[in-house]
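What follows is a single structure, written as structure tokens, with notes after it.
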Amino acid sequence: MKLLFIYIFYIQYYWLVVSSIQISPCAKWNQTGKTVAGTGIDGSSSSQLNWPHGIFIHKQTNSLYVADSENNRVQIFQLNNQSMIGVTGAFNVSDPTNVYVDDDEKDGSILYVAMEGSNRIEKWTKGATVGVQVGGECRDCSGVWLDKQKNIYAAEAVRFRVVKWSSNTQVETIVAGKTDQYGDTDDLLNVLGGIYVHSTDGIVYVADRLNNRIQKWTKDATRGITVAGNGIANDTAQSLNNPFGVFVDDETEVIYVVDSFNERIQRWLPDALQGETIIDGSDSTDQSNQLKGPTGMAFDSDGNLYISDSLNHRIQKYVLLNNSPCSSTSAATGNLNDYHFIYLFFISYSILFYITIKNNSFINIMVLGLNIKIIYSYFFSK
């Protein structure tokens, strides 16, 4: 009797999607920024910006997307490129306030633009010369975000609400605030800035500008929960003053606020009663350690912080200096590799035929194994 093992085929895919630092709740950044987009002088050339608002960093391509509001365009800057020359990713978009970049299996990176001037959100595929409206009207549209199901969330600043447009049914649902009703109670909002949507549970965070607070709305909630600010326009640690933007770390639930009229970025830990200033540009000048009317923020894969310094017509980068965990024994300088998330995909296909041969005749043919493995992520710390 002979045993014959035959591999019909063996295919293996292995690739690394992105490595991203997990930012410590006690991280510290350089207080002097470096200009990575814009010249500091308003203009419409490929190297200039004019009142930039929301920004978004697409980590897979290390690209910075900027809502260049007064130039009615979205500019894309490659962060690995020192030339600081932008490429226009969306043209003739009327007064863009915020942007979001999503990855699609078929079309690659897709840009979503919140347009205050045209009261809508447009979807731009790579290389497109015109955008396509998604969802219904978004009056004085101030924010846009997507969840993992590709539902689109839109902030309507002066309708005082956030709506969700279903990607499957196209049904519109109010997820924060009440239509055309404003106020300072928990069930109301008053002129919205940007929004952030938690990647897995659909929690919506709203920059409630004229109420000087950040509101958290859980799924199907009829009332929001104040998670930053005390409702009083002030520059104290407990207060905010006209916050334009909000970003939330999904893992640590730390909230970062673009405290616009105070020219600073505030960090609020979960359940905290006051915030901590992580970037202070309160002198309102054009110096490298100052901000003037900040409107948006984002982090890159290395934990560096980027701020849209609107009235200085530039984007500032603040380098992460210390990423030590929160503890009484934390060193003055930390290891930037303390926390990492590695997203790893591994697919292995193998088919092995087990063939028994006796007296030159096939007696048995059996498929020993079909193996498919997908490992999608893991976490480690050094």
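Chain labels A, B, ... are given in the sequence in which chains occur in the structure tokens; within each chain residues are numbered consecutively from 1, and ligands are likewise numbered from 1 in the order shown.
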
Backbone DSSP call of strand (DSSP E) for range 197-297 of chain A, listed as a PyMOL selection string:
chain A and resi 197+204-208+213-217+225-228+243-248+255-259+264-268+276-280+294-297

Could you pull the residues within 9 Å of range 163-168 of chain A, counting only C-alpha atoms, minus those fewer than 4 positions along the same chain, as a VMD selection string?
chain A and resid 134 to 136 138 149 to 156 172 to 176

Restricting it to all heavy atoms, dump the selection as a compact mmCIF listing (two decimals), in the first residue's frame.
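out-v5.txt written:
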```
# COMPACT_ATOMS: atom_id res chain seq x y z
N VAL A 134 -25.11 62.93 -0.27
CA VAL A 134 -25.59 61.77 0.48
C VAL A 134 -26.52 62.27 1.58
O VAL A 134 -26.31 63.34 2.16
CB VAL A 134 -24.43 60.96 1.10
CG1 VAL A 134 -23.62 60.29 0.01
CG2 VAL A 134 -23.54 61.84 1.95
N GLY A 135 -27.58 61.51 1.82
CA GLY A 135 -28.55 61.92 2.82
C GLY A 135 -29.39 63.09 2.35
O GLY A 135 -29.36 63.50 1.18
N GLY A 136 -30.15 63.65 3.28
CA GLY A 136 -31.00 64.79 2.95
C GLY A 136 -30.32 66.11 3.22
O GLY A 136 -29.09 66.21 3.21
N CYS A 138 -28.71 69.11 5.16
CA CYS A 138 -27.95 69.28 6.41
C CYS A 138 -27.74 70.77 6.59
O CYS A 138 -26.75 71.34 6.13
CB CYS A 138 -26.61 68.53 6.33
SG CYS A 138 -25.62 68.66 7.84
N GLN A 149 -20.91 50.56 10.28
CA GLN A 149 -21.95 50.09 9.37
C GLN A 149 -22.15 51.05 8.20
O GLN A 149 -23.07 50.89 7.41
CB GLN A 149 -23.28 49.89 10.12
CG GLN A 149 -23.28 48.71 11.07
CD GLN A 149 -22.44 48.94 12.31
OE1 GLN A 149 -22.49 50.03 12.90
NE2 GLN A 149 -21.67 47.94 12.71
N LYS A 150 -21.31 52.06 8.10
CA LYS A 150 -21.34 53.07 7.04
C LYS A 150 -22.54 54.01 7.15
O LYS A 150 -22.89 54.70 6.18
CB LYS A 150 -21.34 52.43 5.64
CG LYS A 150 -20.26 51.38 5.42
CD LYS A 150 -18.87 51.94 5.51
CE LYS A 150 -17.81 50.90 5.18
NZ LYS A 150 -16.44 51.40 5.29
N ASN A 151 -23.18 54.04 8.32
CA ASN A 151 -24.20 55.05 8.54
C ASN A 151 -23.52 56.41 8.67
O ASN A 151 -22.44 56.53 9.25
CB ASN A 151 -24.99 54.74 9.81
CG ASN A 151 -25.72 53.42 9.74
OD1 ASN A 151 -26.44 53.15 8.77
ND2 ASN A 151 -25.55 52.58 10.75
N ILE A 152 -24.17 57.44 8.14
CA ILE A 152 -23.61 58.78 8.12
C ILE A 152 -24.28 59.64 9.19
O ILE A 152 -25.51 59.69 9.28
CB ILE A 152 -23.79 59.43 6.74
CG1 ILE A 152 -23.10 58.58 5.66
CG2 ILE A 152 -23.24 60.85 6.73
CD1 ILE A 152 -23.43 58.99 4.26
N TYR A 153 -23.45 60.29 10.00
CA TYR A 153 -23.95 61.19 11.05
C TYR A 153 -23.65 62.62 10.63
O TYR A 153 -22.53 62.93 10.22
CB TYR A 153 -23.28 60.88 12.38
CG TYR A 153 -23.62 59.51 12.93
CD1 TYR A 153 -23.05 58.36 12.39
CD2 TYR A 153 -24.49 59.37 14.00
CE1 TYR A 153 -23.35 57.10 12.89
CE2 TYR A 153 -24.79 58.11 14.52
CZ TYR A 153 -24.22 56.98 13.95
OH TYR A 153 -24.52 55.74 14.46
N ALA A 154 -24.64 63.48 10.76
CA ALA A 154 -24.48 64.87 10.33
C ALA A 154 -24.96 65.82 11.42
O ALA A 154 -26.04 65.62 12.01
CB ALA A 154 -25.28 65.12 9.04
N ALA A 155 -24.17 66.85 11.68
CA ALA A 155 -24.53 67.88 12.65
C ALA A 155 -25.14 69.07 11.92
O ALA A 155 -24.49 69.65 11.05
CB ALA A 155 -23.31 68.30 13.46
N GLU A 156 -26.36 69.41 12.28
CA GLU A 156 -27.03 70.59 11.71
C GLU A 156 -26.98 71.69 12.78
O GLU A 156 -27.77 71.69 13.72
CB GLU A 156 -28.46 70.25 11.33
CG GLU A 156 -28.58 69.23 10.20
CD GLU A 156 -30.00 69.06 9.72
OE1 GLU A 156 -30.72 68.23 10.29
OE2 GLU A 156 -30.39 69.77 8.77
N GLU A 172 -33.80 58.58 7.97
CA GLU A 172 -33.16 59.58 8.81
C GLU A 172 -33.66 59.47 10.24
O GLU A 172 -34.87 59.40 10.48
CB GLU A 172 -33.46 60.98 8.26
CG GLU A 172 -32.85 62.12 9.08
CD GLU A 172 -33.20 63.48 8.52
OE1 GLU A 172 -32.60 63.87 7.51
OE2 GLU A 172 -34.11 64.14 9.08
N THR A 173 -32.73 59.43 11.19
CA THR A 173 -33.07 59.32 12.61
C THR A 173 -32.36 60.41 13.39
O THR A 173 -31.16 60.64 13.18
CB THR A 173 -32.65 57.94 13.17
OG1 THR A 173 -33.21 56.91 12.36
CG2 THR A 173 -33.11 57.78 14.60
N ILE A 174 -33.06 61.07 14.27
CA ILE A 174 -32.44 62.07 15.14
C ILE A 174 -31.77 61.34 16.30
O ILE A 174 -32.41 60.56 17.01
CB ILE A 174 -33.48 63.07 15.69
CG1 ILE A 174 -34.14 63.81 14.53
CG2 ILE A 174 -32.81 64.06 16.65
CD1 ILE A 174 -35.30 64.70 14.96
N VAL A 175 -30.47 61.55 16.48
CA VAL A 175 -29.72 60.86 17.52
C VAL A 175 -29.24 61.79 18.63
O VAL A 175 -28.73 61.32 19.65
CB VAL A 175 -28.52 60.09 16.92
CG1 VAL A 175 -29.00 58.98 16.00
CG2 VAL A 175 -27.58 61.04 16.19
N ALA A 176 -29.42 63.10 18.45
CA ALA A 176 -29.05 64.06 19.49
C ALA A 176 -29.81 65.36 19.25
O ALA A 176 -29.90 65.83 18.11
CB ALA A 176 -27.55 64.32 19.50
```

Pick from A:Ile195, A:Ala27, A:Ile232, A:Leu269, whichever lies nearest to Gln215 in chain A using only C-alpha atoms
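Nearest to Gln215 in chain A: A:Ile195.
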
Using only C-alpha atoms, which residues sit within 12 Å of Ile265 in chain A once same-chain residues fewer than 2 positions away are excluded, as a PyMOL selection string?
chain A and resi 29+31+235+237+240-241+243-247+255-263+267-268+275-282+290-298+305-309+318

Considering only C-alpha atoms, return as a ChimeraX atom specification whatever protein or nucleic-acid residues lie within 9 Å of Arg120 in chain A, sequence-local ones (same chain, fewer than 2 positions apart) excluded.
/A:113-118,122,133-141,154

Keeping only N, CA, C and O atoms, take the residues you just selected and write them out as a PDB file, in the first residue's frame.
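Once written, selection_5.pdb looks like this:
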```pdb
ATOM      1  N   VAL A 113     -17.675  65.356   2.904  1.00  0.00           N
ATOM      2  CA  VAL A 113     -17.467  66.776   3.196  1.00  0.00           C
ATOM      3  C   VAL A 113     -18.759  67.395   3.716  1.00  0.00           C
ATOM      4  O   VAL A 113     -19.798  67.330   3.051  1.00  0.00           O
ATOM      5  N   ALA A 114     -18.701  67.977   4.909  1.00  0.00           N
ATOM      6  CA  ALA A 114     -19.829  68.739   5.453  1.00  0.00           C
ATOM      7  C   ALA A 114     -19.742  70.160   4.914  1.00  0.00           C
ATOM      8  O   ALA A 114     -18.743  70.852   5.129  1.00  0.00           O
ATOM      9  N   MET A 115     -20.796  70.588   4.225  1.00  0.00           N
ATOM     10  CA  MET A 115     -20.788  71.882   3.540  1.00  0.00           C
ATOM     11  C   MET A 115     -21.823  72.811   4.164  1.00  0.00           C
ATOM     12  O   MET A 115     -23.027  72.644   3.964  1.00  0.00           O
ATOM     13  N   GLU A 116     -21.329  73.780   4.906  1.00  0.00           N
ATOM     14  CA  GLU A 116     -22.224  74.744   5.546  1.00  0.00           C
ATOM     15  C   GLU A 116     -22.914  75.625   4.515  1.00  0.00           C
ATOM     16  O   GLU A 116     -24.091  75.959   4.655  1.00  0.00           O
ATOM     17  N   GLY A 117     -22.180  75.995   3.469  1.00  0.00           N
ATOM     18  CA  GLY A 117     -22.735  76.907   2.477  1.00  0.00           C
ATOM     19  C   GLY A 117     -23.804  76.293   1.597  1.00  0.00           C
ATOM     20  O   GLY A 117     -24.711  76.995   1.128  1.00  0.00           O
ATOM     21  N   SER A 118     -23.733  74.985   1.361  1.00  0.00           N
ATOM     22  CA  SER A 118     -24.704  74.315   0.493  1.00  0.00           C
ATOM     23  C   SER A 118     -25.680  73.430   1.253  1.00  0.00           C
ATOM     24  O   SER A 118     -26.511  72.756   0.645  1.00  0.00           O
ATOM     25  N   GLU A 122     -21.407  65.910   0.902  1.00  0.00           N
ATOM     26  CA  GLU A 122     -21.061  65.298  -0.373  1.00  0.00           C
ATOM     27  C   GLU A 122     -20.039  64.191  -0.182  1.00  0.00           C
ATOM     28  O   GLU A 122     -19.171  64.257   0.687  1.00  0.00           O
ATOM     29  N   GLN A 133     -24.225  64.118  -3.487  1.00  0.00           N
ATOM     30  CA  GLN A 133     -24.874  64.362  -2.208  1.00  0.00           C
ATOM     31  C   GLN A 133     -25.313  63.048  -1.582  1.00  0.00           C
ATOM     32  O   GLN A 133     -25.831  62.158  -2.248  1.00  0.00           O
ATOM     33  N   VAL A 134     -25.109  62.931  -0.272  1.00  0.00           N
ATOM     34  CA  VAL A 134     -25.593  61.773   0.482  1.00  0.00           C
ATOM     35  C   VAL A 134     -26.524  62.273   1.579  1.00  0.00           C
ATOM     36  O   VAL A 134     -26.306  63.341   2.159  1.00  0.00           O
ATOM     37  N   GLY A 135     -27.579  61.510   1.824  1.00  0.00           N
ATOM     38  CA  GLY A 135     -28.554  61.921   2.818  1.00  0.00           C
ATOM     39  C   GLY A 135     -29.389  63.090   2.350  1.00  0.00           C
ATOM     40  O   GLY A 135     -29.356  63.497   1.182  1.00  0.00           O
ATOM     41  N   GLY A 136     -30.153  63.653   3.277  1.00  0.00           N
ATOM     42  CA  GLY A 136     -31.004  64.793   2.950  1.00  0.00           C
ATOM     43  C   GLY A 136     -30.316  66.108   3.217  1.00  0.00           C
ATOM     44  O   GLY A 136     -29.090  66.208   3.210  1.00  0.00           O
ATOM     45  N   GLU A 137     -31.118  67.140   3.464  1.00  0.00           N
ATOM     46  CA  GLU A 137     -30.565  68.447   3.774  1.00  0.00           C
ATOM     47  C   GLU A 137     -29.814  68.390   5.099  1.00  0.00           C
ATOM     48  O   GLU A 137     -30.229  67.712   6.040  1.00  0.00           O
ATOM     49  N   CYS A 138     -28.711  69.111   5.157  1.00  0.00           N
ATOM     50  CA  CYS A 138     -27.949  69.276   6.409  1.00  0.00           C
ATOM     51  C   CYS A 138     -27.744  70.775   6.586  1.00  0.00           C
ATOM     52  O   CYS A 138     -26.747  71.335   6.129  1.00  0.00           O
ATOM     53  N   ARG A 139     -28.693  71.396   7.220  1.00  0.00           N
ATOM     54  CA  ARG A 139     -28.703  72.856   7.288  1.00  0.00           C
ATOM     55  C   ARG A 139     -27.579  73.390   8.166  1.00  0.00           C
ATOM     56  O   ARG A 139     -27.420  72.960   9.296  1.00  0.00           O
ATOM     57  N   ASP A 140     -26.824  74.334   7.613  1.00  0.00           N
ATOM     58  CA  ASP A 140     -25.634  74.848   8.292  1.00  0.00           C
ATOM     59  C   ASP A 140     -24.801  73.690   8.823  1.00  0.00           C
ATOM     60  O   ASP A 140     -24.444  73.628  10.007  1.00  0.00           O
ATOM     61  N   CYS A 141     -24.462  72.801   7.922  1.00  0.00           N
ATOM     62  CA  CYS A 141     -23.811  71.531   8.256  1.00  0.00           C
ATOM     63  C   CYS A 141     -22.443  71.786   8.898  1.00  0.00           C
ATOM     64  O   CYS A 141     -21.557  72.376   8.287  1.00  0.00           O
ATOM     65  N   ALA A 154     -24.636  63.481  10.762  1.00  0.00           N
ATOM     66  CA  ALA A 154     -24.482  64.871  10.327  1.00  0.00           C
ATOM     67  C   ALA A 154     -24.959  65.817  11.416  1.00  0.00           C
ATOM     68  O   ALA A 154     -26.036  65.619  12.005  1.00  0.00           O
TER      69      ALA A 154
END
```

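For the choices A:Ala157, A:Val144, A:Ile214, A:Ala128, the atom-to-atom distance to Gly54 in chain A is smallest for A:Val144 when using only C-alpha atoms.
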
From the options A:Val132, A:Leu273, A:Val254, A:Ile23, which residue's atoms come nearest to Thr226 in chain A, counting only C-alpha atoms?
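Of A:Val132, A:Leu273, A:Val254, A:Ile23, the one nearest Thr226 in chain A, counting only C-alpha atoms, is A:Leu273.
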
Name all residues at most 7 Å from Gln78 in chain A (count only C-alpha atoms; drop same-chain ones fewer than 2 positions away) and give them as a PDB file with C-alpha atoms, in the first residue's frame.
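Output saved as part-v3.pdb:
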```
ATOM      1  CA  ASN A  62      -0.509  59.200   6.382  1.00  0.00           C
ATOM      2  CA  SER A  63      -2.508  61.947   4.684  1.00  0.00           C
ATOM      3  CA  LEU A  64      -3.892  65.123   6.229  1.00  0.00           C
ATOM      4  CA  ILE A  76      -4.763  66.869   1.016  1.00  0.00           C
ATOM      5  CA  ASN A  80       5.783  62.312   4.818  1.00  0.00           C
ATOM      6  CA  ASN A  81       6.374  65.019   2.237  1.00  0.00           C
TER       7      ASN A  81
END
```

Find the residues near Gln75 in chain A: any atom within 9 Å, counting only C-alpha atoms, skip ones fewer than 3 places away on the same chain, and give them as a list in words.
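The filter keeps Ser46, Leu49, Leu64, Tyr65, Val66, Ala67, Asp68, Gly86, Val87, Thr88, Gly89 and Ala90 of chain A.
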
Please produce a file of the residues just selected, as a PDB file, in the first residue's frame, where the atoms kept are all heavy atoms.
```
ATOM      1  N   SER A  46      -1.536  76.301  -3.880  1.00  0.00           N
ATOM      2  CA  SER A  46      -1.494  74.920  -3.393  1.00  0.00           C
ATOM      3  C   SER A  46      -0.784  74.785  -2.047  1.00  0.00           C
ATOM      4  O   SER A  46      -0.918  73.768  -1.366  1.00  0.00           O
ATOM      5  CB  SER A  46      -0.823  74.018  -4.423  1.00  0.00           C
ATOM      6  OG  SER A  46       0.491  74.479  -4.710  1.00  0.00           O
ATOM      7  N   LEU A  49      -3.693  78.173   2.786  1.00  0.00           N
ATOM      8  CA  LEU A  49      -5.027  77.887   3.282  1.00  0.00           C
ATOM      9  C   LEU A  49      -5.708  79.206   3.619  1.00  0.00           C
ATOM     10  O   LEU A  49      -5.038  80.230   3.796  1.00  0.00           O
ATOM     11  CB  LEU A  49      -4.975  77.002   4.530  1.00  0.00           C
ATOM     12  CG  LEU A  49      -4.334  75.610   4.381  1.00  0.00           C
ATOM     13  CD1 LEU A  49      -4.113  74.981   5.752  1.00  0.00           C
ATOM     14  CD2 LEU A  49      -5.198  74.712   3.505  1.00  0.00           C
ATOM     15  N   LEU A  64      -3.130  64.126   5.482  1.00  0.00           N
ATOM     16  CA  LEU A  64      -3.892  65.123   6.229  1.00  0.00           C
ATOM     17  C   LEU A  64      -4.911  65.771   5.295  1.00  0.00           C
ATOM     18  O   LEU A  64      -4.547  66.343   4.265  1.00  0.00           O
ATOM     19  CB  LEU A  64      -2.944  66.184   6.787  1.00  0.00           C
ATOM     20  CG  LEU A  64      -3.580  67.446   7.385  1.00  0.00           C
ATOM     21  CD1 LEU A  64      -4.337  67.116   8.665  1.00  0.00           C
ATOM     22  CD2 LEU A  64      -2.512  68.510   7.657  1.00  0.00           C
ATOM     23  N   TYR A  65      -6.198  65.679   5.657  1.00  0.00           N
ATOM     24  CA  TYR A  65      -7.272  66.305   4.891  1.00  0.00           C
ATOM     25  C   TYR A  65      -7.723  67.560   5.627  1.00  0.00           C
ATOM     26  O   TYR A  65      -7.976  67.521   6.835  1.00  0.00           O
ATOM     27  CB  TYR A  65      -8.448  65.353   4.740  1.00  0.00           C
ATOM     28  CG  TYR A  65      -8.205  64.191   3.788  1.00  0.00           C
ATOM     29  CD1 TYR A  65      -7.365  63.149   4.148  1.00  0.00           C
ATOM     30  CD2 TYR A  65      -8.824  64.137   2.545  1.00  0.00           C
ATOM     31  CE1 TYR A  65      -7.135  62.081   3.291  1.00  0.00           C
ATOM     32  CE2 TYR A  65      -8.609  63.065   1.679  1.00  0.00           C
ATOM     33  CZ  TYR A  65      -7.768  62.042   2.059  1.00  0.00           C
ATOM     34  OH  TYR A  65      -7.552  60.992   1.212  1.00  0.00           O
ATOM     35  N   VAL A  66      -7.841  68.660   4.902  1.00  0.00           N
ATOM     36  CA  VAL A  66      -8.171  69.948   5.516  1.00  0.00           C
ATOM     37  C   VAL A  66      -9.390  70.558   4.816  1.00  0.00           C
ATOM     38  O   VAL A  66      -9.399  70.706   3.587  1.00  0.00           O
ATOM     39  CB  VAL A  66      -6.991  70.938   5.406  1.00  0.00           C
ATOM     40  CG1 VAL A  66      -7.347  72.254   6.092  1.00  0.00           C
ATOM     41  CG2 VAL A  66      -5.731  70.342   6.008  1.00  0.00           C
ATOM     42  N   ALA A  67     -10.400  70.920   5.621  1.00  0.00           N
ATOM     43  CA  ALA A  67     -11.541  71.676   5.097  1.00  0.00           C
ATOM     44  C   ALA A  67     -11.114  73.138   4.973  1.00  0.00           C
ATOM     45  O   ALA A  67     -11.116  73.888   5.949  1.00  0.00           O
ATOM     46  CB  ALA A  67     -12.743  71.528   6.026  1.00  0.00           C
ATOM     47  N   ASP A  68     -10.726  73.512   3.780  1.00  0.00           N
ATOM     48  CA  ASP A  68     -10.200  74.851   3.495  1.00  0.00           C
ATOM     49  C   ASP A  68     -11.384  75.758   3.169  1.00  0.00           C
ATOM     50  O   ASP A  68     -11.704  76.004   2.004  1.00  0.00           O
ATOM     51  CB  ASP A  68      -9.207  74.750   2.326  1.00  0.00           C
ATOM     52  CG  ASP A  68      -8.405  76.015   2.114  1.00  0.00           C
ATOM     53  OD1 ASP A  68      -8.465  76.918   2.973  1.00  0.00           O
ATOM     54  OD2 ASP A  68      -7.713  76.106   1.083  1.00  0.00           O
ATOM     55  N   GLY A  86      -0.176  71.106  -1.135  1.00  0.00           N
ATOM     56  CA  GLY A  86      -1.411  70.354  -1.048  1.00  0.00           C
ATOM     57  C   GLY A  86      -1.979  69.999  -2.407  1.00  0.00           C
ATOM     58  O   GLY A  86      -1.707  70.665  -3.411  1.00  0.00           O
ATOM     59  N   VAL A  87      -2.773  68.944  -2.430  1.00  0.00           N
ATOM     60  CA  VAL A  87      -3.503  68.524  -3.621  1.00  0.00           C
ATOM     61  C   VAL A  87      -4.990  68.643  -3.307  1.00  0.00           C
ATOM     62  O   VAL A  87      -5.437  68.229  -2.234  1.00  0.00           O
ATOM     63  CB  VAL A  87      -3.158  67.074  -4.007  1.00  0.00           C
ATOM     64  CG1 VAL A  87      -4.006  66.609  -5.183  1.00  0.00           C
ATOM     65  CG2 VAL A  87      -1.679  66.952  -4.320  1.00  0.00           C
ATOM     66  N   THR A  88      -5.753  69.200  -4.211  1.00  0.00           N
ATOM     67  CA  THR A  88      -7.176  69.397  -3.966  1.00  0.00           C
ATOM     68  C   THR A  88      -7.933  68.088  -4.162  1.00  0.00           C
ATOM     69  O   THR A  88      -7.893  67.491  -5.231  1.00  0.00           O
ATOM     70  CB  THR A  88      -7.750  70.478  -4.896  1.00  0.00           C
ATOM     71  OG1 THR A  88      -7.016  71.700  -4.693  1.00  0.00           O
ATOM     72  CG2 THR A  88      -9.221  70.723  -4.586  1.00  0.00           C
ATOM     73  N   GLY A  89      -8.628  67.654  -3.094  1.00  0.00           N
ATOM     74  CA  GLY A  89      -9.389  66.412  -3.148  1.00  0.00           C
ATOM     75  C   GLY A  89     -10.857  66.627  -3.403  1.00  0.00           C
ATOM     76  O   GLY A  89     -11.571  65.689  -3.789  1.00  0.00           O
ATOM     77  N   ALA A  90     -11.343  67.852  -3.186  1.00  0.00           N
ATOM     78  CA  ALA A  90     -12.744  68.194  -3.464  1.00  0.00           C
ATOM     79  C   ALA A  90     -12.799  69.655  -3.885  1.00  0.00           C
ATOM     80  O   ALA A  90     -12.250  70.529  -3.209  1.00  0.00           O
ATOM     81  CB  ALA A  90     -13.617  67.944  -2.244  1.00  0.00           C
TER      82      ALA A  90
END
```

A:Lys59, A:Arg213, A:Arg223, A:Lys28 ranked by distance to Val191 in chain A, top pick (using only C-alpha atoms)
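Using only C-alpha atoms, Val191 in chain A sits closest to A:Arg213.
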
One decimal, Å: what's the distance from CA of Ala221 in chain A over to CA of Asp187 in chain A, could you say?
9.1 Å
